[in-house]
Structure formats: structure tokens, C-alpha cells
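File shown: target_24.cif. Contents: mmCIF, C-alpha atoms.
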```cif
data_entry
#
loop_
_atom_site.label_atom_id
_atom_site.label_comp_id
_atom_site.auth_asym_id
_atom_site.auth_seq_id
_atom_site.Cartn_x
_atom_site.Cartn_y
_atom_site.Cartn_z
CA MET A 1 -15.12 7.44 4.66
CA GLU A 2 -14.35 4.17 6.39
CA GLN A 3 -10.73 3.42 7.25
CA ARG A 4 -9.60 0.80 4.80
CA ILE A 5 -7.34 0.08 1.87
CA SER A 6 -8.88 -2.33 -0.63
CA LEU A 7 -6.07 -2.69 -3.12
CA VAL A 8 -2.42 -1.72 -3.33
CA THR A 9 -1.50 -1.64 -7.00
CA LEU A 10 2.14 -1.65 -7.99
CA GLY A 11 2.98 -0.21 -11.40
CA VAL A 12 5.34 -2.57 -13.19
CA ASP A 13 7.32 -2.41 -16.41
CA ASP A 14 7.21 -6.14 -17.10
CA LEU A 15 4.20 -8.01 -15.73
CA LYS A 16 5.70 -11.47 -16.29
CA ARG A 17 8.88 -10.57 -14.44
CA ALA A 18 6.97 -8.97 -11.59
CA ARG A 19 4.58 -11.92 -11.22
CA ALA A 20 7.50 -14.37 -11.31
CA PHE A 21 9.22 -12.42 -8.53
CA TYR A 22 6.20 -12.53 -6.19
CA GLU A 23 5.59 -16.18 -7.02
CA ALA A 24 9.23 -16.92 -6.15
CA LEU A 25 8.44 -15.40 -2.75
CA GLY A 26 5.68 -17.99 -2.45
CA TRP A 27 2.74 -15.77 -3.34
CA ARG A 28 -0.03 -17.19 -5.53
CA GLY A 29 -2.18 -14.93 -7.66
CA GLN A 30 -4.56 -14.80 -10.57
CA GLU A 31 -4.15 -12.91 -13.82
CA ILE A 32 -7.03 -11.28 -15.62
CA GLU A 33 -6.85 -8.63 -18.31
CA GLU A 34 -3.10 -8.14 -17.86
CA THR A 35 -3.47 -7.55 -14.14
CA VAL A 36 -2.29 -9.96 -11.45
CA PHE A 37 -4.20 -10.01 -8.15
CA PHE A 38 -2.79 -11.55 -4.97
CA GLN A 39 -5.04 -11.91 -1.94
CA ALA A 40 -3.21 -10.32 0.99
CA GLY A 41 -5.33 -10.56 4.13
CA GLY A 42 -8.45 -8.45 3.66
CA LEU A 43 -7.09 -6.61 0.65
CA ALA A 44 -5.42 -7.36 -2.67
CA LEU A 45 -1.94 -6.59 -3.90
CA SER A 46 -2.13 -6.14 -7.64
CA LEU A 47 0.41 -5.74 -10.40
CA TRP A 48 -0.41 -3.69 -13.49
CA SER A 49 1.39 -1.79 -16.21
CA ARG A 50 2.93 1.30 -14.67
CA GLU A 51 1.94 3.37 -17.69
CA LYS A 52 -1.68 2.23 -17.58
CA LEU A 53 -1.83 2.69 -13.81
CA ALA A 54 -0.54 6.26 -14.09
CA GLN A 55 -3.04 7.04 -16.83
CA ASP A 56 -5.87 5.42 -14.90
CA SER A 57 -4.87 7.43 -11.83
CA GLY A 58 -5.05 10.63 -13.87
CA MET A 59 -1.36 11.31 -13.32
CA GLU A 60 1.54 11.77 -15.65
CA ASN A 61 3.76 8.74 -15.70
CA ALA A 62 7.35 9.24 -14.67
CA SER A 63 10.22 6.83 -14.86
CA PRO A 64 11.04 5.12 -11.60
CA HIS A 65 13.18 7.69 -9.87
CA GLY A 66 14.75 6.31 -6.74
CA PHE A 67 12.44 6.06 -3.77
CA ASP A 68 8.68 5.84 -4.53
CA GLY A 69 7.75 7.66 -1.36
CA ILE A 70 5.86 4.60 -0.10
CA THR A 71 7.13 1.52 1.72
CA LEU A 72 5.12 -1.68 2.17
CA ALA A 73 5.84 -3.66 5.31
CA HIS A 74 5.38 -7.38 5.74
CA ASN A 75 5.58 -8.16 9.44
CA VAL A 76 6.58 -11.57 10.73
CA ARG A 77 6.73 -13.29 14.10
CA SER A 78 10.46 -13.67 14.77
CA GLU A 79 13.91 -12.44 13.87
CA ALA A 80 14.63 -15.78 12.23
CA GLU A 81 11.65 -15.29 9.95
CA VAL A 82 13.02 -11.90 8.88
CA ASP A 83 16.30 -13.57 7.92
CA HIS A 84 14.45 -16.32 6.07
CA VAL A 85 12.19 -14.02 4.03
CA ALA A 86 15.09 -11.69 3.19
CA ALA A 87 17.09 -14.68 1.92
CA VAL A 88 14.15 -15.90 -0.18
CA ALA A 89 13.67 -12.41 -1.61
CA GLU A 90 17.36 -12.07 -2.44
CA ALA A 91 17.34 -15.46 -4.16
CA ALA A 92 14.29 -14.32 -6.13
CA GLY A 93 16.22 -11.31 -7.44
CA ALA A 94 15.30 -8.60 -4.96
CA HIS A 95 17.79 -5.82 -4.42
CA ILE A 96 18.54 -5.90 -0.70
CA THR A 97 18.65 -2.25 0.33
CA ARG A 98 19.26 -2.85 4.02
CA ARG A 99 20.58 -6.04 5.52
CA ALA A 100 18.64 -7.43 8.45
CA SER A 101 19.52 -5.59 11.62
CA THR A 102 17.96 -4.26 14.79
CA THR A 103 15.73 -1.21 14.40
CA PHE A 104 15.23 1.99 16.36
CA TYR A 105 11.82 0.75 17.54
CA GLY A 106 13.26 -2.31 19.22
CA GLY A 107 12.59 -4.72 16.38
CA TYR A 108 14.56 -6.39 13.65
CA ALA A 109 14.09 -5.77 9.93
CA ALA A 110 15.47 -6.09 6.43
CA ASN A 111 14.55 -4.01 3.39
CA PHE A 112 14.51 -4.76 -0.29
CA ALA A 113 13.36 -3.31 -3.58
CA ASP A 114 11.33 -5.50 -5.94
CA PRO A 115 12.29 -5.70 -9.64
CA ASP A 116 10.42 -2.45 -10.31
CA GLY A 117 12.05 -0.65 -7.40
CA HIS A 118 9.10 -0.82 -5.00
CA ALA A 119 10.28 -0.73 -1.40
CA TRP A 120 9.45 -3.48 1.10
CA GLU A 121 10.37 -3.91 4.73
CA ILE A 122 10.32 -7.36 6.34
CA ALA A 123 9.95 -6.66 10.02
CA TYR A 124 9.69 -8.31 13.39
CA ASN A 125 8.17 -5.72 15.72
CA PRO A 126 7.44 -7.05 19.22
CA GLY A 127 5.34 -3.93 19.90
CA PHE A 128 2.92 -4.72 17.06
CA PRO A 129 1.87 -8.34 17.58
CA LEU A 130 0.20 -10.18 14.72
CA ALA A 131 -3.06 -12.04 15.19
CA ASP A 132 -3.27 -15.72 14.25
CA ASP A 133 -4.68 -14.73 10.84
CA GLY A 134 -1.70 -12.43 10.24
CA SER A 135 -3.63 -9.21 10.73
CA LEU A 136 -2.09 -6.33 12.63
CA ALA A 137 -3.89 -4.20 15.19
CA VAL A 138 -2.27 -0.90 16.06
CA PRO A 139 -1.74 -0.96 19.85
CA ASN A 140 -3.36 1.72 21.95
CA PHE A 141 -0.36 3.91 22.70
CA ASP A 142 -2.28 6.07 25.14
CA THR A 143 -2.63 3.30 27.66
CA ARG A 144 0.78 1.69 27.45
CA MET B 1 6.35 -16.00 3.03
CA GLU B 2 2.69 -15.55 3.85
CA GLN B 3 0.63 -13.27 1.63
CA ARG B 4 0.05 -10.13 3.60
CA ILE B 5 0.81 -6.46 3.88
CA SER B 6 1.11 -5.27 7.47
CA LEU B 7 1.71 -1.57 6.97
CA VAL B 8 1.56 0.87 4.09
CA THR B 9 3.74 3.82 5.03
CA LEU B 10 3.40 7.06 3.11
CA GLY B 11 6.39 9.36 3.14
CA VAL B 12 5.25 12.91 3.90
CA ASP B 13 6.91 16.30 3.90
CA ASP B 14 4.71 17.79 6.62
CA LEU B 15 3.28 15.32 9.14
CA LYS B 16 0.76 17.79 10.60
CA ARG B 17 -0.62 18.63 7.18
CA ALA B 18 -0.81 14.97 6.17
CA ARG B 19 -2.52 13.93 9.39
CA ALA B 20 -5.00 16.81 9.10
CA PHE B 21 -5.86 15.71 5.57
CA TYR B 22 -6.63 12.11 6.56
CA GLU B 23 -8.56 13.29 9.61
CA ALA B 24 -10.62 15.57 7.37
CA LEU B 25 -11.52 12.41 5.44
CA GLY B 26 -12.83 11.01 8.72
CA TRP B 27 -9.87 8.80 9.62
CA ARG B 28 -8.75 8.63 13.23
CA GLY B 29 -5.17 7.76 14.13
CA GLN B 30 -2.57 7.83 16.84
CA GLU B 31 0.76 9.62 16.80
CA ILE B 32 3.86 8.21 18.40
CA GLU B 33 7.45 9.21 17.75
CA GLU B 34 6.53 11.48 14.85
CA THR B 35 4.64 8.69 13.11
CA VAL B 36 0.86 8.56 12.71
CA PHE B 37 -0.80 5.14 12.55
CA PHE B 38 -4.33 4.61 11.23
CA GLN B 39 -5.94 1.19 11.60
CA ALA B 40 -7.18 0.17 8.14
CA GLY B 41 -8.81 -3.24 8.31
CA GLY B 42 -6.15 -5.81 9.18
CA LEU B 43 -3.26 -3.49 8.46
CA ALA B 44 -2.10 0.01 9.29
CA LEU B 45 -1.69 3.05 7.09
CA SER B 46 1.09 5.13 8.55
CA LEU B 47 2.49 8.57 7.86
CA TRP B 48 6.17 9.32 8.43
CA SER B 49 8.81 11.74 7.25
CA ARG B 50 9.61 10.94 3.64
CA GLU B 51 13.30 11.53 4.28
CA LYS B 52 13.39 9.19 7.27
CA LEU B 53 11.32 6.57 5.46
CA ALA B 54 13.72 6.60 2.50
CA GLN B 55 16.71 6.30 4.81
CA ASP B 56 15.05 3.54 6.81
CA SER B 57 14.25 1.72 3.56
CA GLY B 58 17.90 1.91 2.55
CA MET B 59 17.06 4.02 -0.51
CA GLU B 60 18.12 7.42 -1.63
CA ASN B 61 15.38 9.95 -1.14
CA ALA B 62 14.11 11.72 -4.23
CA SER B 63 11.75 14.63 -4.48
CA PRO B 64 8.20 13.66 -5.32
CA HIS B 65 8.35 13.34 -9.08
CA GLY B 66 4.92 12.91 -10.58
CA PHE B 67 3.45 9.46 -10.23
CA ASP B 68 4.77 7.33 -7.33
CA GLY B 69 4.29 4.11 -9.24
CA ILE B 70 1.80 2.88 -6.63
CA THR B 71 -1.92 3.56 -6.30
CA LEU B 72 -3.96 2.80 -3.19
CA ALA B 73 -7.60 1.94 -3.77
CA HIS B 74 -10.42 2.45 -1.30
CA ASN B 75 -13.42 0.50 -2.54
CA VAL B 76 -16.96 1.44 -1.60
CA ARG B 77 -20.40 -0.06 -2.07
CA SER B 78 -22.11 2.31 -4.53
CA GLU B 79 -21.56 4.98 -7.14
CA ALA B 80 -23.10 7.52 -4.79
CA GLU B 81 -20.47 6.67 -2.19
CA VAL B 82 -17.71 7.32 -4.75
CA ASP B 83 -19.17 10.77 -5.39
CA HIS B 84 -19.45 11.44 -1.67
CA VAL B 85 -15.89 10.41 -0.77
CA ALA B 86 -14.45 12.31 -3.73
CA ALA B 87 -16.31 15.44 -2.61
CA VAL B 88 -15.05 15.04 0.96
CA ALA B 89 -11.49 14.55 -0.32
CA GLU B 90 -11.69 17.60 -2.54
CA ALA B 91 -13.02 19.70 0.34
CA ALA B 92 -10.11 18.41 2.45
CA GLY B 93 -7.63 19.71 -0.12
CA ALA B 94 -7.03 16.66 -2.31
CA HIS B 95 -6.05 17.30 -5.89
CA ILE B 96 -8.71 15.50 -7.94
CA THR B 97 -6.79 13.82 -10.75
CA ARG B 98 -9.78 12.12 -12.36
CA ARG B 99 -13.39 13.10 -11.85
CA ALA B 100 -15.76 10.26 -10.99
CA SER B 101 -16.70 8.34 -14.11
CA THR B 102 -17.37 4.82 -15.31
CA THR B 103 -14.34 2.56 -15.62
CA PHE B 104 -13.20 0.01 -18.17
CA TYR B 105 -13.94 -2.81 -15.68
CA GLY B 106 -17.59 -1.91 -15.40
CA GLY B 107 -17.28 0.11 -12.23
CA TYR B 108 -17.25 3.75 -11.25
CA ALA B 109 -14.28 5.56 -9.74
CA ALA B 110 -12.63 8.85 -8.93
CA ASN B 111 -8.94 9.49 -8.33
CA PHE B 112 -7.09 12.00 -6.24
CA ALA B 113 -3.62 12.83 -4.98
CA ASP B 114 -3.13 13.51 -1.29
CA PRO B 115 -1.15 16.60 -0.16
CA ASP B 116 2.13 14.69 -0.73
CA GLY B 117 1.10 13.49 -4.17
CA HIS B 118 0.22 9.91 -3.19
CA ALA B 119 -2.36 8.46 -5.56
CA TRP B 120 -5.72 7.13 -4.38
CA GLU B 121 -8.62 5.63 -6.27
CA ILE B 122 -12.10 5.61 -4.76
CA ALA B 123 -13.88 2.81 -6.56
CA TYR B 124 -17.17 1.01 -6.80
CA ASN B 125 -16.42 -2.32 -8.47
CA PRO B 126 -19.43 -4.65 -8.67
CA GLY B 127 -17.06 -7.53 -9.58
CA PHE B 128 -15.16 -7.23 -6.28
CA PRO B 129 -17.81 -7.22 -3.57
CA LEU B 130 -16.84 -6.07 -0.09
CA ALA B 131 -17.60 -8.13 2.99
CA ASP B 132 -19.58 -6.59 5.85
CA ASP B 133 -16.31 -5.75 7.61
CA GLY B 134 -15.04 -3.92 4.50
CA SER B 135 -12.54 -6.58 3.51
CA LEU B 136 -12.11 -7.53 -0.12
CA ALA B 137 -11.75 -11.08 -1.41
CA VAL B 138 -10.39 -11.46 -4.92
CA PRO B 139 -13.01 -13.45 -6.87
CA ASN B 140 -12.02 -16.74 -8.42
CA PHE B 141 -11.71 -15.72 -12.05
CA ASP B 142 -11.20 -19.29 -13.23
CA THR B 143 -14.73 -20.29 -12.37
CA ARG B 144 -16.61 -17.22 -13.47
#
```
Final C-alpha cells representation of the file:
Amino acid sequence: MEQRISLVTLGVDDLKRARAFYEALGWRGQEIEETVFFQAGGLALSLWSREKLAQDSGMENASPHGFDGITLAHNVRSEAEVDHVAAVAEAAGAHITRRASTTFYGGYAANFADPDGHAWEIAYNPGFPLADDGSLAVPNFDTR
Amino acid sequence: MEQRISLVTLGVDDLKRARAFYEALGWRGQEIEETVFFQAGGLALSLWSREKLAQDSGMENASPHGFDGITLAHNVRSEAEVDHVAAVAEAAGAHITRRASTTFYGGYAANFADPDGHAWEIAYNPGFPLADDGSLAVPNFDTR
């Protein structure tokens, strides 16, 4: 098995609302068969009915119940960019779950939940530099 | 806000068990400060204490409760590869939630839950070809 994630699909209760939220963040996607796909680097973020996604995954659906158990991080290049994206997200209706502040790993981050409760972190992490194309390479900790 | 996901962090109850599972799938990662990072294309999949991840995300932790509301897809290049990865995952202790079968979108997929209940789909989707480096580009549906 190669090491990759091809799609991250978020189960949503209201596709229109969810798409409008990500578009208010500046994302642009395409809708086909009641699924919205956003290109996100070398993978896609997609939005689909939570009920259908659960069924398709062979799992029993459950109401959103606090923390999903998964957090998606969007890393940026400066503390100012964290503040900016957090402000845009709040204006778009995100629930800010942690105001921007310094982190234990020497960075700076803010956290929010999207309209369906999915957890995001907006982070500046000087130890994990981003390439020009936005991709992230895990540093080699053994040689630091 | 640029369109990217930098990290997908899975909250886990037992880091050793979770790491061993992904290594049995063939993934190779690095552990630092009780977090395991796996390079996955242009982003990282990371494993961290579910309790700490919830706290760090500013959300109240909740016991795993059926479906997370998020499914991660690992796309492959053939039906045979779906069967192979599903067999490797099952041997590694995954709970197979849907046996490999044809899908409504004209592909072929199997689904499993990892030891912490996180949902994965292993999919062959002829409509979403993979590049040589494994990356996925969402096709332009408007012009198909």
C-alpha cells in the first residue's frame, strides 16, 4: 500500500450550507451527483451527505456527537495569515473553538469547527515549512 | 485561504497499536513527542492521543461513537489492487465494513475501520485517474 490519501470526505447535513461555507473561505469546487469536490493539493476534499457517506462506508450513521476524532490542519506561512484565515472563517460562520495563540510546538494556531462540526486547525508551524506549491514535507526528526 | 490540507490527524486511544496497524499496511512514519507522522503525498497523516487532539482542537472529547462523519479514501489503479489492500488491512486487524464490490460511480471499492474506528475506503475509480506520483486531480465535470 502506497502512502497517500486521495480524498477526505466530510459528511454534511446540508450540502448547500456546507458548500457555501467553504466558498466563503475562498475555496472553489465542482458539484456532481450531490457531491462537491474541491481540489486541495494532490488530493480532493469532498462534501457529501453524512447519511449516504456512513452507508457507503458500511458504518451505522450517528448524529454528530462532539469531537469527530479527526482534525484537519491547514498550515500557513505566518502568524498574520493564521489571524487572517481565522477571521475569514469566523465571518463565514465557523465556530471558533480556540482563538489564535501560541502552541506547545513553538507555532501559532487557531481552531474552528465548520457548520457540521468538523474540526480544523489553521497553523503556522516554523518546524514544518511549506513548499512553494503549499505541500508539506515531514522533516527528518532523526537528523535534527 | 488557499485550497489545501496540510495534515490529517487521527485521534487514537493507543498510539503503539495505531502505529503498528499503519506499519502493517506498509506505511513508514516517524514518532516525535508522542505523535507519529506519515508522509502521504503533499501532506502528513498523523496519529495522536484522541484526548489531547480534542483538547488542542478546543472541543470536548467524546468516546468514539459509530461513524466519525469523515471518510478517508486511498485510491488505487485497479480492482486487483483494491482486493490486495483490503486483504492486507484485514490481516493487520482492520474491521472490514464493506467487502470489495462495484460502486454506484462505476468503480470498485472496499471499506474498513482502523483500530480506532476511523473509516477508510480503498477505491478504484476509473473517472478519477491518479498521476504517476499518486496524486489525484479532480476532473473537470463541466466539459465531460
* Apply the PyMOL selection byres ((chain A and resi 78-93) around 8) to the structure shown and report the selected residues as a PyMOL selection string. => (chain A and resi 21+24-25+76-77+94-96+100+108-112+114-115+122-124) or (chain B and resi 1)
Atoms to include: C-alpha atoms. Write the selected residues as an mmCIF file, in the coordinates of the input.
```
data_model
loop_
_atom_site.group_PDB
_atom_site.id
_atom_site.type_symbol
_atom_site.label_atom_id
_atom_site.label_comp_id
_atom_site.auth_asym_id
_atom_site.auth_seq_id
_atom_site.Cartn_x
_atom_site.Cartn_y
_atom_site.Cartn_z
ATOM 1 C CA PHE A 21 9.220 -12.420 -8.530
ATOM 2 C CA ALA A 24 9.230 -16.920 -6.150
ATOM 3 C CA LEU A 25 8.440 -15.400 -2.750
ATOM 4 C CA VAL A 76 6.580 -11.570 10.730
ATOM 5 C CA ARG A 77 6.730 -13.290 14.100
ATOM 6 C CA ALA A 94 15.300 -8.600 -4.960
ATOM 7 C CA HIS A 95 17.790 -5.820 -4.420
ATOM 8 C CA ILE A 96 18.540 -5.900 -0.700
ATOM 9 C CA ALA A 100 18.640 -7.430 8.450
ATOM 10 C CA TYR A 108 14.560 -6.390 13.650
ATOM 11 C CA ALA A 109 14.090 -5.770 9.930
ATOM 12 C CA ALA A 110 15.470 -6.090 6.430
ATOM 13 C CA ASN A 111 14.550 -4.010 3.390
ATOM 14 C CA PHE A 112 14.510 -4.760 -0.290
ATOM 15 C CA ASP A 114 11.330 -5.500 -5.940
ATOM 16 C CA PRO A 115 12.290 -5.700 -9.640
ATOM 17 C CA ILE A 122 10.320 -7.360 6.340
ATOM 18 C CA ALA A 123 9.950 -6.660 10.020
ATOM 19 C CA TYR A 124 9.690 -8.310 13.390
ATOM 20 C CA MET B 1 6.350 -16.000 3.030
#
```
* To do: Counting only C-alpha atoms, note down every residue that has an atom within 7 Å of the point (4.1, 2.1, 2.2) (file coordinates), as a PyMOL selection string.
  => (chain A and resi 70-73) or (chain B and resi 7-10)
* Extract, using all atoms listed in the file, all DNA, RNA and protein residues at most 10 Å from Trp48 of chain B, discarding same-chain residues fewer than 4 positions from it, and format them as a list in words. => Ile70 of chain A; Thr9, Leu10, Gly11, Val12, Asp13, Asp14, Leu15, Ala18, Arg19, Glu31, Glu33, Glu34, Thr35, Val36, Phe37, Lys52, Leu53 and Ala54 of chain B
* Asked: What does the PyMOL selection byres ((chain A and resi 104-106) around 9) select in this file, as a PyMOL selection string?
  -> chain A and resi 102-103+107-108+125-127
* Quick one: pull the distance between atom CA of Gly42 of chain B and atom CA of Val138 of chain B, Å, one decimal. =>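 If I compute the distance from atom CA of Gly42 of chain B to atom CA of Val138 of chain B, I get 15.8 Å.
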* **Interatomic distance, atom CA of Ala62 of chain B to atom CA of Ala62 of chain A (Å, one decimal)** =>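 That distance, rounded to one decimal, is 12.7 Å.
Atom pair atom CA of Asn75 of chain B / atom CA of His118 of chain B: separated by 16.6 Å.
Distance annotation: of A:Leu43, A:Ala20, A:Ala119, A:Ile5, the residue with the minimal separation from Gln55 of chain B is A:Ala119; atom set is all atoms listed in the file.
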* To do: Pick out the closest residue to chain B from this set: A:Gln30, A:Ser63, A:Phe38, A:Arg4. Count only C-alpha atoms.
  =>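 Closest candidate: A:Arg4.
For the residues A:Gln3, A:Ala131, A:Gly117, A:Arg17, ranking by smallest atom-to-atom distance to chain B using all atoms listed in the file places A:Gln3 first.
Close to (-12.5, -7.3, 6.8), meaning no more than 10 Å away when counting only C-alpha atoms, sit the residues Arg4, Ser6, Gly41, Gly42, Leu43 and Ser135 of chain A; Ala40, Gly41, Gly42, Leu130, Ala131, Asp132, Asp133, Gly134, Ser135, Leu136 and Ala137 of chain B.
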* Structure fact -> With distances taken over all atoms listed in the file, the candidate from A:Thr97, A:Lys16, A:Glu2, A:Pro139 nearest Gly66 of chain A is A:Thr97
Can you take the partial segment 1-26 of chain B, add N, CA and C atoms, and return it as a compact mmCIF listing (two decimals), in the frame of the given file?
```
# COMPACT_ATOMS: atom_id res chain seq x y z
N MET B 1 6.86 -17.35 2.75
CA MET B 1 6.35 -16.00 3.03
C MET B 1 4.84 -16.01 2.89
N GLU B 2 4.15 -15.63 3.94
CA GLU B 2 2.69 -15.55 3.85
C GLU B 2 2.29 -14.33 3.01
N GLN B 3 1.08 -14.36 2.49
CA GLN B 3 0.63 -13.27 1.63
C GLN B 3 -0.06 -12.20 2.47
N ARG B 4 0.71 -11.21 2.87
CA ARG B 4 0.05 -10.13 3.60
C ARG B 4 0.88 -8.86 3.52
N ILE B 5 0.19 -7.77 3.71
CA ILE B 5 0.81 -6.46 3.88
C ILE B 5 0.41 -6.01 5.27
N SER B 6 1.40 -5.64 6.08
CA SER B 6 1.11 -5.27 7.47
C SER B 6 0.96 -3.76 7.63
N LEU B 7 1.80 -3.03 6.92
CA LEU B 7 1.71 -1.57 6.97
C LEU B 7 1.96 -1.02 5.57
N VAL B 8 1.26 0.06 5.27
CA VAL B 8 1.56 0.87 4.09
C VAL B 8 1.99 2.22 4.65
N THR B 9 3.25 2.56 4.47
CA THR B 9 3.74 3.82 5.03
C THR B 9 3.94 4.84 3.92
N LEU B 10 3.29 5.97 4.09
CA LEU B 10 3.40 7.06 3.11
C LEU B 10 4.44 8.05 3.62
N GLY B 11 5.41 8.34 2.80
CA GLY B 11 6.39 9.36 3.14
C GLY B 11 5.78 10.74 2.95
N VAL B 12 5.90 11.59 3.97
CA VAL B 12 5.25 12.91 3.90
C VAL B 12 6.26 14.01 4.22
N ASP B 13 6.01 15.18 3.65
CA ASP B 13 6.91 16.30 3.90
C ASP B 13 6.49 17.10 5.12
N ASP B 14 5.21 17.00 5.49
CA ASP B 14 4.71 17.79 6.62
C ASP B 14 3.69 16.89 7.34
N LEU B 15 4.12 16.32 8.45
CA LEU B 15 3.28 15.32 9.14
C LEU B 15 1.96 15.91 9.60
N LYS B 16 2.00 17.15 10.11
CA LYS B 16 0.76 17.79 10.60
C LYS B 16 -0.25 17.94 9.47
N ARG B 17 0.26 18.42 8.34
CA ARG B 17 -0.62 18.63 7.18
C ARG B 17 -1.20 17.30 6.71
N ALA B 18 -0.35 16.28 6.65
CA ALA B 18 -0.81 14.97 6.17
C ALA B 18 -1.84 14.39 7.11
N ARG B 19 -1.56 14.47 8.42
CA ARG B 19 -2.52 13.93 9.39
C ARG B 19 -3.85 14.68 9.30
N ALA B 20 -3.77 16.01 9.18
CA ALA B 20 -5.00 16.81 9.10
C ALA B 20 -5.82 16.42 7.87
N PHE B 21 -5.14 16.13 6.78
CA PHE B 21 -5.86 15.71 5.57
C PHE B 21 -6.63 14.42 5.82
N TYR B 22 -5.94 13.39 6.34
CA TYR B 22 -6.63 12.11 6.56
C TYR B 22 -7.71 12.23 7.64
N GLU B 23 -7.50 13.10 8.61
CA GLU B 23 -8.56 13.29 9.61
C GLU B 23 -9.76 14.01 9.01
N ALA B 24 -9.50 14.90 8.04
CA ALA B 24 -10.62 15.57 7.37
C ALA B 24 -11.43 14.58 6.53
N LEU B 25 -10.79 13.48 6.14
CA LEU B 25 -11.52 12.41 5.44
C LEU B 25 -12.33 11.55 6.42
N GLY B 26 -12.09 11.78 7.72
CA GLY B 26 -12.83 11.01 8.72
C GLY B 26 -11.99 9.93 9.39
```
